[in-house]
>>> print(open('my_file24.pdb').read())   # PDB, C-alpha atoms, pLDDT in the B column
MODEL        1
ATOM      1  CA  MET U   1     220.515  15.541 122.803  1.00 62.00           C
ATOM      2  CA  SER U   2     222.582  13.820 125.466  1.00 81.00           C
ATOM      3  CA  ILE U   3     225.933  14.888 126.824  1.00 96.00           C
ATOM      4  CA  LEU U   4     229.075  13.352 125.332  1.00 97.00           C
ATOM      5  CA  VAL U   5     231.520  11.674 127.702  1.00 98.00           C
ATOM      6  CA  MET U   6     234.437   9.285 127.346  1.00 98.00           C
ATOM      7  CA  THR U   7     236.374   6.991 129.598  1.00 98.00           C
ATOM      8  CA  ARG U   8     239.759   8.032 130.909  1.00 98.00           C
ATOM      9  CA  GLU U   9     241.463   5.422 128.712  1.00 95.00           C
ATOM     10  CA  VAL U  10     239.830   6.764 125.553  1.00 96.00           C
ATOM     11  CA  ASN U  11     240.692  10.312 126.604  1.00 97.00           C
ATOM     12  CA  ASP U  12     244.328   9.335 127.195  1.00 97.00           C
ATOM     13  CA  ARG U  13     244.588   7.629 123.795  1.00 94.00           C
ATOM     14  CA  ILE U  14     243.090  10.683 122.096  1.00 96.00           C
ATOM     15  CA  ALA U  15     245.674  12.867 123.847  1.00 97.00           C
ATOM     16  CA  ASP U  16     248.524  10.540 122.828  1.00 95.00           C
ATOM     17  CA  CYS U  17     247.494   9.761 119.242  1.00 94.00           C
ATOM     18  CA  SER U  18     246.150  12.374 116.833  1.00 95.00           C
ATOM     19  CA  GLU U  19     245.175   9.667 114.332  1.00 94.00           C
ATOM     20  CA  PHE U  20     242.982   7.986 116.951  1.00 94.00           C
ATOM     21  CA  ALA U  21     241.468  11.383 117.789  1.00 96.00           C
ATOM     22  CA  LYS U  22     240.545  11.781 114.102  1.00 96.00           C
ATOM     23  CA  ARG U  23     238.972   8.309 114.042  1.00 95.00           C
ATOM     24  CA  VAL U  24     236.875   9.109 117.100  1.00 96.00           C
ATOM     25  CA  GLU U  25     235.773  12.429 115.628  1.00 97.00           C
ATOM     26  CA  ASN U  26     234.819  10.669 112.391  1.00 97.00           C
ATOM     27  CA  ALA U  27     232.928   7.973 114.316  1.00 97.00           C
ATOM     28  CA  ILE U  28     230.934  10.590 116.236  1.00 97.00           C
ATOM     29  CA  GLY U  29     229.801  12.013 112.896  1.00 97.00           C
ATOM     30  CA  LYS U  30     228.842   8.540 111.677  1.00 98.00           C
ATOM     31  CA  PHE U  31     226.997   7.850 114.915  1.00 98.00           C
ATOM     32  CA  HIS U  32     224.898  10.997 114.590  1.00 96.00           C
ATOM     33  CA  SER U  33     224.161   9.999 110.974  1.00 97.00           C
ATOM     34  CA  LYS U  34     222.902   6.619 112.255  1.00 98.00           C
ATOM     35  CA  ASP U  35     225.831   4.661 110.817  1.00 98.00           C
ATOM     36  CA  TRP U  36     226.272   2.096 113.576  1.00 98.00           C
ATOM     37  CA  GLY U  37     229.542   0.664 112.306  1.00 97.00           C
ATOM     38  CA  ASP U  38     230.334  -3.005 112.784  1.00 95.00           C
ATOM     39  CA  VAL U  39     227.195  -4.394 114.443  1.00 96.00           C
ATOM     40  CA  TYR U  40     224.830  -7.147 113.308  1.00 96.00           C
ATOM     41  CA  GLU U  41     221.930  -6.210 111.045  1.00 96.00           C
ATOM     42  CA  GLU U  42     219.347  -6.994 113.731  1.00 96.00           C
ATOM     43  CA  ASP U  43     221.256  -4.728 116.133  1.00 97.00           C
ATOM     44  CA  LYS U  44     221.205  -1.946 113.547  1.00 98.00           C
ATOM     45  CA  ALA U  45     217.421  -2.229 113.336  1.00 97.00           C
ATOM     46  CA  GLN U  46     217.149  -2.156 117.146  1.00 98.00           C
ATOM     47  CA  ASN U  47     219.479   0.860 117.245  1.00 98.00           C
ATOM     48  CA  ASP U  48     217.213   2.686 114.804  1.00 98.00           C
ATOM     49  CA  GLN U  49     214.188   1.999 117.010  1.00 98.00           C
ATOM     50  CA  ASP U  50     215.976   2.963 120.211  1.00 98.00           C
ATOM     51  CA  TRP U  51     217.369   6.146 118.644  1.00 97.00           C
ATOM     52  CA  GLU U  52     213.816   7.265 117.856  1.00 97.00           C
ATOM     53  CA  ALA U  53     212.675   6.353 121.358  1.00 97.00           C
ATOM     54  CA  LEU U  54     215.492   8.407 122.889  1.00 97.00           C
ATOM     55  CA  GLU U  55     214.700  11.339 120.616  1.00 95.00           C
ATOM     56  CA  ASN U  56     211.103  11.213 121.909  1.00 96.00           C
ATOM     57  CA  GLY U  57     212.136  11.129 125.567  1.00 94.00           C
ATOM     58  CA  ALA U  58     211.603   7.410 126.088  1.00 96.00           C
ATOM     59  CA  TYR U  59     214.109   4.767 127.194  1.00 96.00           C
ATOM     60  CA  GLY U  60     216.508   3.247 124.703  1.00 97.00           C
ATOM     61  CA  ARG U  61     220.109   2.213 124.293  1.00 97.00           C
ATOM     62  CA  VAL U  62     222.095   2.517 121.084  1.00 98.00           C
ATOM     63  CA  LEU U  63     225.425   0.720 120.668  1.00 98.00           C
ATOM     64  CA  ALA U  64     227.764   1.338 117.753  1.00 98.00           C
ATOM     65  CA  SER U  65     231.139  -0.304 117.162  1.00 98.00           C
ATOM     66  CA  TYR U  66     233.931   1.207 115.087  1.00 97.00           C
ATOM     67  CA  PRO U  67     237.238  -0.360 114.050  1.00 92.00           C
ATOM     68  CA  ASN U  68     240.430   1.247 115.200  1.00 84.00           C
ATOM     69  CA  ASN U  69     243.221  -0.377 113.141  1.00 77.00           C
ATOM     70  CA  LEU U  70     245.922   1.408 115.159  1.00 73.00           C
ATOM     71  CA  GLY U  71     247.265  -1.542 117.098  1.00 69.00           C
ATOM     72  CA  PHE U  72     244.543  -1.612 119.721  1.00 70.00           C
ATOM     73  CA  ASP U  73     240.943  -2.652 120.017  1.00 79.00           C
ATOM     74  CA  LYS U  74     237.857  -1.240 118.375  1.00 94.00           C
ATOM     75  CA  PHE U  75     235.876   1.311 120.313  1.00 97.00           C
ATOM     76  CA  TRP U  76     232.210   1.698 121.073  1.00 98.00           C
ATOM     77  CA  ILE U  77     229.827   4.594 121.281  1.00 98.00           C
ATOM     78  CA  ILE U  78     226.800   3.971 123.494  1.00 98.00           C
ATOM     79  CA  ARG U  79     223.869   6.325 123.899  1.00 98.00           C
ATOM     80  CA  ASP U  80     221.226   5.930 126.583  1.00 97.00           C
ATOM     81  CA  THR U  81     218.946   8.274 128.493  1.00 95.00           C
ATOM     82  CA  GLU U  82     221.848   9.727 130.496  1.00 95.00           C
ATOM     83  CA  ALA U  83     224.721  10.289 128.049  1.00 97.00           C
ATOM     84  CA  THR U  84     226.549   9.281 124.927  1.00 98.00           C
ATOM     85  CA  THR U  85     229.723   7.480 126.003  1.00 98.00           C
ATOM     86  CA  ILE U  86     232.858   6.574 124.044  1.00 98.00           C
ATOM     87  CA  LEU U  87     234.673   3.572 125.473  1.00 97.00           C
ATOM     88  CA  PHE U  88     236.651   0.456 124.677  1.00 96.00           C
ATOM     89  CA  PRO U  89     234.766  -2.868 124.861  1.00 95.00           C
ATOM     90  CA  HIS U  90     236.862  -4.122 127.809  1.00 93.00           C
ATOM     91  CA  GLU U  91     235.668  -1.089 129.810  1.00 95.00           C
ATOM     92  CA  TYR U  92     231.980  -2.024 129.560  1.00 91.00           C
TER      93      TYR U  92
ENDMDL
END
>>> encode(input="my_file24.pdb", output="structure tokens")
Amino acid sequence: MSILVMTREVNDRIADCSEFAKRVENAIGKFHSKDWGDVYEEDKAQNDQDWEALENGAYGRVLASYPNNLGFDKFWIIRDTEATTILFPHEY
């Protein structure tokens, strides 16, 4: 299990908007249930493979994308060997 981190911008939006905080919390649950959100089917298959690789101590990178619908962009959750990070696409 990797550590969970977020960018300053995501953190600030969570602090300013309880509805966004709820969406992020919900997305984290989806992410851990392997619901990758709004990504292409081939990316979902790659995410499944990389998730298993990460669980077995190998390299992988999982990217999930969730809609926001609160007047600003979608947000991503990315897991790699170092951490699971919540960020906005423009921060990548």
>>> residues_around(input="my_file24.pdb", residues="Tyr40 in chain U", least_positions_apart="5", cutoff="12 Å", atoms="all atoms listed in the file", output="ChimeraX atom specification")
/U:45-47,63-65
>>> residues_near_point(input="my_file24.pdb", point="(226.2, 11.9, 128.2)", cutoff="10 Å", atoms="only C-alpha atoms", output="list of chain:residue names")
U:Met1, U:Ser2, U:Ile3, U:Leu4, U:Val5, U:Met6, U:Ile78, U:Arg79, U:Asp80, U:Thr81, U:Glu82, U:Ala83, U:Thr84, U:Thr85, U:Ile86
>>> write_last_selection(input="my_file24.pdb", atoms="C-alpha atoms", output="PDB file, in the coordinates of the input")
ATOM      1  CA  MET U   1     220.515  15.541 122.803  1.00 62.00           C
ATOM      2  CA  SER U   2     222.582  13.820 125.466  1.00 81.00           C
ATOM      3  CA  ILE U   3     225.933  14.888 126.824  1.00 96.00           C
ATOM      4  CA  LEU U   4     229.075  13.352 125.332  1.00 97.00           C
ATOM      5  CA  VAL U   5     231.520  11.674 127.702  1.00 98.00           C
ATOM      6  CA  MET U   6     234.437   9.285 127.346  1.00 98.00           C
ATOM      7  CA  ILE U  78     226.800   3.971 123.494  1.00 98.00           C
ATOM      8  CA  ARG U  79     223.869   6.325 123.899  1.00 98.00           C
ATOM      9  CA  ASP U  80     221.226   5.930 126.583  1.00 97.00           C
ATOM     10  CA  THR U  81     218.946   8.274 128.493  1.00 95.00           C
ATOM     11  CA  GLU U  82     221.848   9.727 130.496  1.00 95.00           C
ATOM     12  CA  ALA U  83     224.721  10.289 128.049  1.00 97.00           C
ATOM     13  CA  THR U  84     226.549   9.281 124.927  1.00 98.00           C
ATOM     14  CA  THR U  85     229.723   7.480 126.003  1.00 98.00           C
ATOM     15  CA  ILE U  86     232.858   6.574 124.044  1.00 98.00           C
TER      16      ILE U  86
END
>>> axis_aligned_box(input="my_file24.pdb", around="range 31-35 of chain U", padding_each_side="4 Å", output="JSON")
{"center_x": 224.9, "center_y": 7.8, "center_z": 112.9, "size_x": 12.1, "size_y": 14.3, "size_z": 12.1}
>>> residues_near_point(input="my_file24.pdb", point="(227.4, 0.4, 115.8)", cutoff="12 Å", atoms="only C-alpha atoms", output="count of residues only")
36
>>> atom_distance(input="my_file24.pdb", atom1="CA of Pro89 in chain U", atom2="CA of Asp73 in chain U")
7.9 Å
>>> atom_distance(input="my_file24.pdb", atom1="CA of Leu87 in chain U", atom2="CA of Arg8 in chain U")
8.7 Å
>>> residues_around(input="my_file24.pdb", residues="Phe72 in chain U", least_positions_apart="4", cutoff="12 Å", atoms="all atoms listed in the file", output="mmCIF file with C-alpha atoms, keeping the file's coordinate frame")
data_model
loop_
_atom_site.group_PDB
_atom_site.id
_atom_site.type_symbol
_atom_site.label_atom_id
_atom_site.label_comp_id
_atom_site.auth_asym_id
_atom_site.auth_seq_id
_atom_site.Cartn_x
_atom_site.Cartn_y
_atom_site.Cartn_z
ATOM 1 C CA GLU U 9 241.463 5.422 128.712
ATOM 2 C CA VAL U 10 239.830 6.764 125.553
ATOM 3 C CA ARG U 13 244.588 7.629 123.795
ATOM 4 C CA CYS U 17 247.494 9.761 119.242
ATOM 5 C CA PHE U 20 242.982 7.986 116.951
ATOM 6 C CA TYR U 66 233.931 1.207 115.087
ATOM 7 C CA PRO U 67 237.238 -0.360 114.050
ATOM 8 C CA ASN U 68 240.430 1.247 115.200
ATOM 9 C CA PHE U 88 236.651 0.456 124.677
ATOM 10 C CA PRO U 89 234.766 -2.868 124.861
ATOM 11 C CA HIS U 90 236.862 -4.122 127.809
#
>>> residues_around(input="my_file24.pdb", residues="Glu19 in chain U", least_positions_apart="5", cutoff="9 Å", atoms="all atoms listed in the file", output="ChimeraX atom specification")
/U:14,24,70
>>> atom_distance(input="my_file24.pdb", atom1="CA of Lys22 in chain U", atom2="CA of Thr7 in chain U")
16.7 Å
>>> closest_residue(input="my_file24.pdb", among="U:Gly60, U:Asn69, U:Asp50, U:Glu55", to="Arg23 in chain U", atoms="only C-alpha atoms")
U:Asn69
>>> build_atoms(input="my_file24.pdb", residues="range 15-26 of chain U", atoms="all heavy atoms", output="mmCIF file, keeping the file's coordinate frame")
data_model
loop_
_atom_site.group_PDB
_atom_site.id
_atom_site.type_symbol
_atom_site.label_atom_id
_atom_site.label_comp_id
_atom_site.auth_asym_id
_atom_site.auth_seq_id
_atom_site.Cartn_x
_atom_site.Cartn_y
_atom_site.Cartn_z
ATOM 1 N N ALA U 15 244.600 11.913 123.541
ATOM 2 C CA ALA U 15 245.674 12.867 123.847
ATOM 3 C C ALA U 15 247.017 12.407 123.293
ATOM 4 O O ALA U 15 247.836 13.237 122.878
ATOM 5 C CB ALA U 15 245.768 13.080 125.356
ATOM 6 N N ASP U 16 247.240 11.093 123.263
ATOM 7 C CA ASP U 16 248.524 10.540 122.828
ATOM 8 C C ASP U 16 248.616 10.277 121.336
ATOM 9 O O ASP U 16 249.717 10.106 120.810
ATOM 10 C CB ASP U 16 248.810 9.223 123.558
ATOM 11 C CG ASP U 16 249.068 9.413 125.037
ATOM 12 O OD1 ASP U 16 249.382 10.553 125.448
ATOM 13 O OD2 ASP U 16 248.940 8.429 125.794
ATOM 14 N N CYS U 17 247.480 10.201 120.642
ATOM 15 C CA CYS U 17 247.494 9.761 119.242
ATOM 16 C C CYS U 17 246.509 10.590 118.422
ATOM 17 O O CYS U 17 245.296 10.374 118.490
ATOM 18 C CB CYS U 17 247.141 8.272 119.168
ATOM 19 S SG CYS U 17 247.121 7.588 117.505
ATOM 20 N N SER U 18 247.022 11.506 117.629
ATOM 21 C CA SER U 18 246.150 12.374 116.833
ATOM 22 C C SER U 18 245.347 11.577 115.803
ATOM 23 O O SER U 18 244.216 11.941 115.487
ATOM 24 C CB SER U 18 246.955 13.476 116.153
ATOM 25 O OG SER U 18 247.900 12.932 115.260
ATOM 26 N N GLU U 19 245.910 10.489 115.299
ATOM 27 C CA GLU U 19 245.175 9.667 114.332
ATOM 28 C C GLU U 19 243.958 9.018 114.989
ATOM 29 O O GLU U 19 242.885 8.958 114.403
ATOM 30 C CB GLU U 19 246.083 8.599 113.721
ATOM 31 C CG GLU U 19 245.417 7.778 112.637
ATOM 32 C CD GLU U 19 244.951 8.602 111.438
ATOM 33 O OE1 GLU U 19 245.607 9.586 111.078
ATOM 34 O OE2 GLU U 19 243.908 8.230 110.849
ATOM 35 N N PHE U 20 244.124 8.549 116.223
ATOM 36 C CA PHE U 20 242.982 7.986 116.951
ATOM 37 C C PHE U 20 241.947 9.078 117.214
ATOM 38 O O PHE U 20 240.741 8.853 117.081
ATOM 39 C CB PHE U 20 243.424 7.332 118.258
ATOM 40 C CG PHE U 20 242.287 6.742 119.045
ATOM 41 C CD1 PHE U 20 241.536 5.687 118.533
ATOM 42 C CD2 PHE U 20 241.950 7.247 120.281
ATOM 43 C CE1 PHE U 20 240.473 5.146 119.238
ATOM 44 C CE2 PHE U 20 240.890 6.718 121.008
ATOM 45 C CZ PHE U 20 240.154 5.667 120.488
ATOM 46 N N ALA U 21 242.388 10.260 117.571
ATOM 47 C CA ALA U 21 241.468 11.383 117.789
ATOM 48 C C ALA U 21 240.640 11.647 116.534
ATOM 49 O O ALA U 21 239.427 11.874 116.620
ATOM 50 C CB ALA U 21 242.244 12.628 118.194
ATOM 51 N N LYS U 22 241.268 11.585 115.367
ATOM 52 C CA LYS U 22 240.545 11.781 114.102
ATOM 53 C C LYS U 22 239.525 10.668 113.876
ATOM 54 O O LYS U 22 238.421 10.920 113.397
ATOM 55 C CB LYS U 22 241.520 11.835 112.930
ATOM 56 C CG LYS U 22 242.365 13.077 112.907
ATOM 57 C CD LYS U 22 243.382 13.019 111.778
ATOM 58 C CE LYS U 22 244.392 14.141 111.900
ATOM 59 N NZ LYS U 22 245.467 14.014 110.921
ATOM 60 N N ARG U 23 239.901 9.433 114.206
ATOM 61 C CA ARG U 23 238.972 8.309 114.042
ATOM 62 C C ARG U 23 237.754 8.461 114.949
ATOM 63 O O ARG U 23 236.632 8.178 114.552
ATOM 64 C CB ARG U 23 239.678 6.983 114.308
ATOM 65 C CG ARG U 23 240.653 6.610 113.214
ATOM 66 C CD ARG U 23 241.406 5.342 113.563
ATOM 67 N NE ARG U 23 242.522 5.159 112.672
ATOM 68 C CZ ARG U 23 242.496 4.396 111.590
ATOM 69 N NH1 ARG U 23 241.401 3.737 111.283
ATOM 70 N NH2 ARG U 23 243.561 4.287 110.820
ATOM 71 N N VAL U 24 237.987 8.902 116.173
ATOM 72 C CA VAL U 24 236.875 9.109 117.100
ATOM 73 C C VAL U 24 235.971 10.231 116.591
ATOM 74 O O VAL U 24 234.741 10.093 116.582
ATOM 75 C CB VAL U 24 237.387 9.395 118.527
ATOM 76 C CG1 VAL U 24 236.252 9.850 119.437
ATOM 77 C CG2 VAL U 24 238.063 8.155 119.108
ATOM 78 N N GLU U 25 236.562 11.318 116.156
ATOM 79 C CA GLU U 25 235.773 12.429 115.628
ATOM 80 C C GLU U 25 234.936 11.980 114.432
ATOM 81 O O GLU U 25 233.746 12.308 114.338
ATOM 82 C CB GLU U 25 236.696 13.575 115.218
ATOM 83 C CG GLU U 25 235.966 14.789 114.712
ATOM 84 C CD GLU U 25 236.900 15.931 114.360
ATOM 85 O OE1 GLU U 25 238.127 15.734 114.299
ATOM 86 O OE2 GLU U 25 236.381 17.029 114.135
ATOM 87 N N ASN U 26 235.533 11.205 113.545
ATOM 88 C CA ASN U 26 234.819 10.669 112.391
ATOM 89 C C ASN U 26 233.679 9.742 112.826
ATOM 90 O O ASN U 26 232.569 9.795 112.295
ATOM 91 C CB ASN U 26 235.797 9.931 111.476
ATOM 92 C CG ASN U 26 235.156 9.441 110.210
ATOM 93 O OD1 ASN U 26 234.349 10.126 109.602
ATOM 94 N ND2 ASN U 26 235.524 8.240 109.800
#
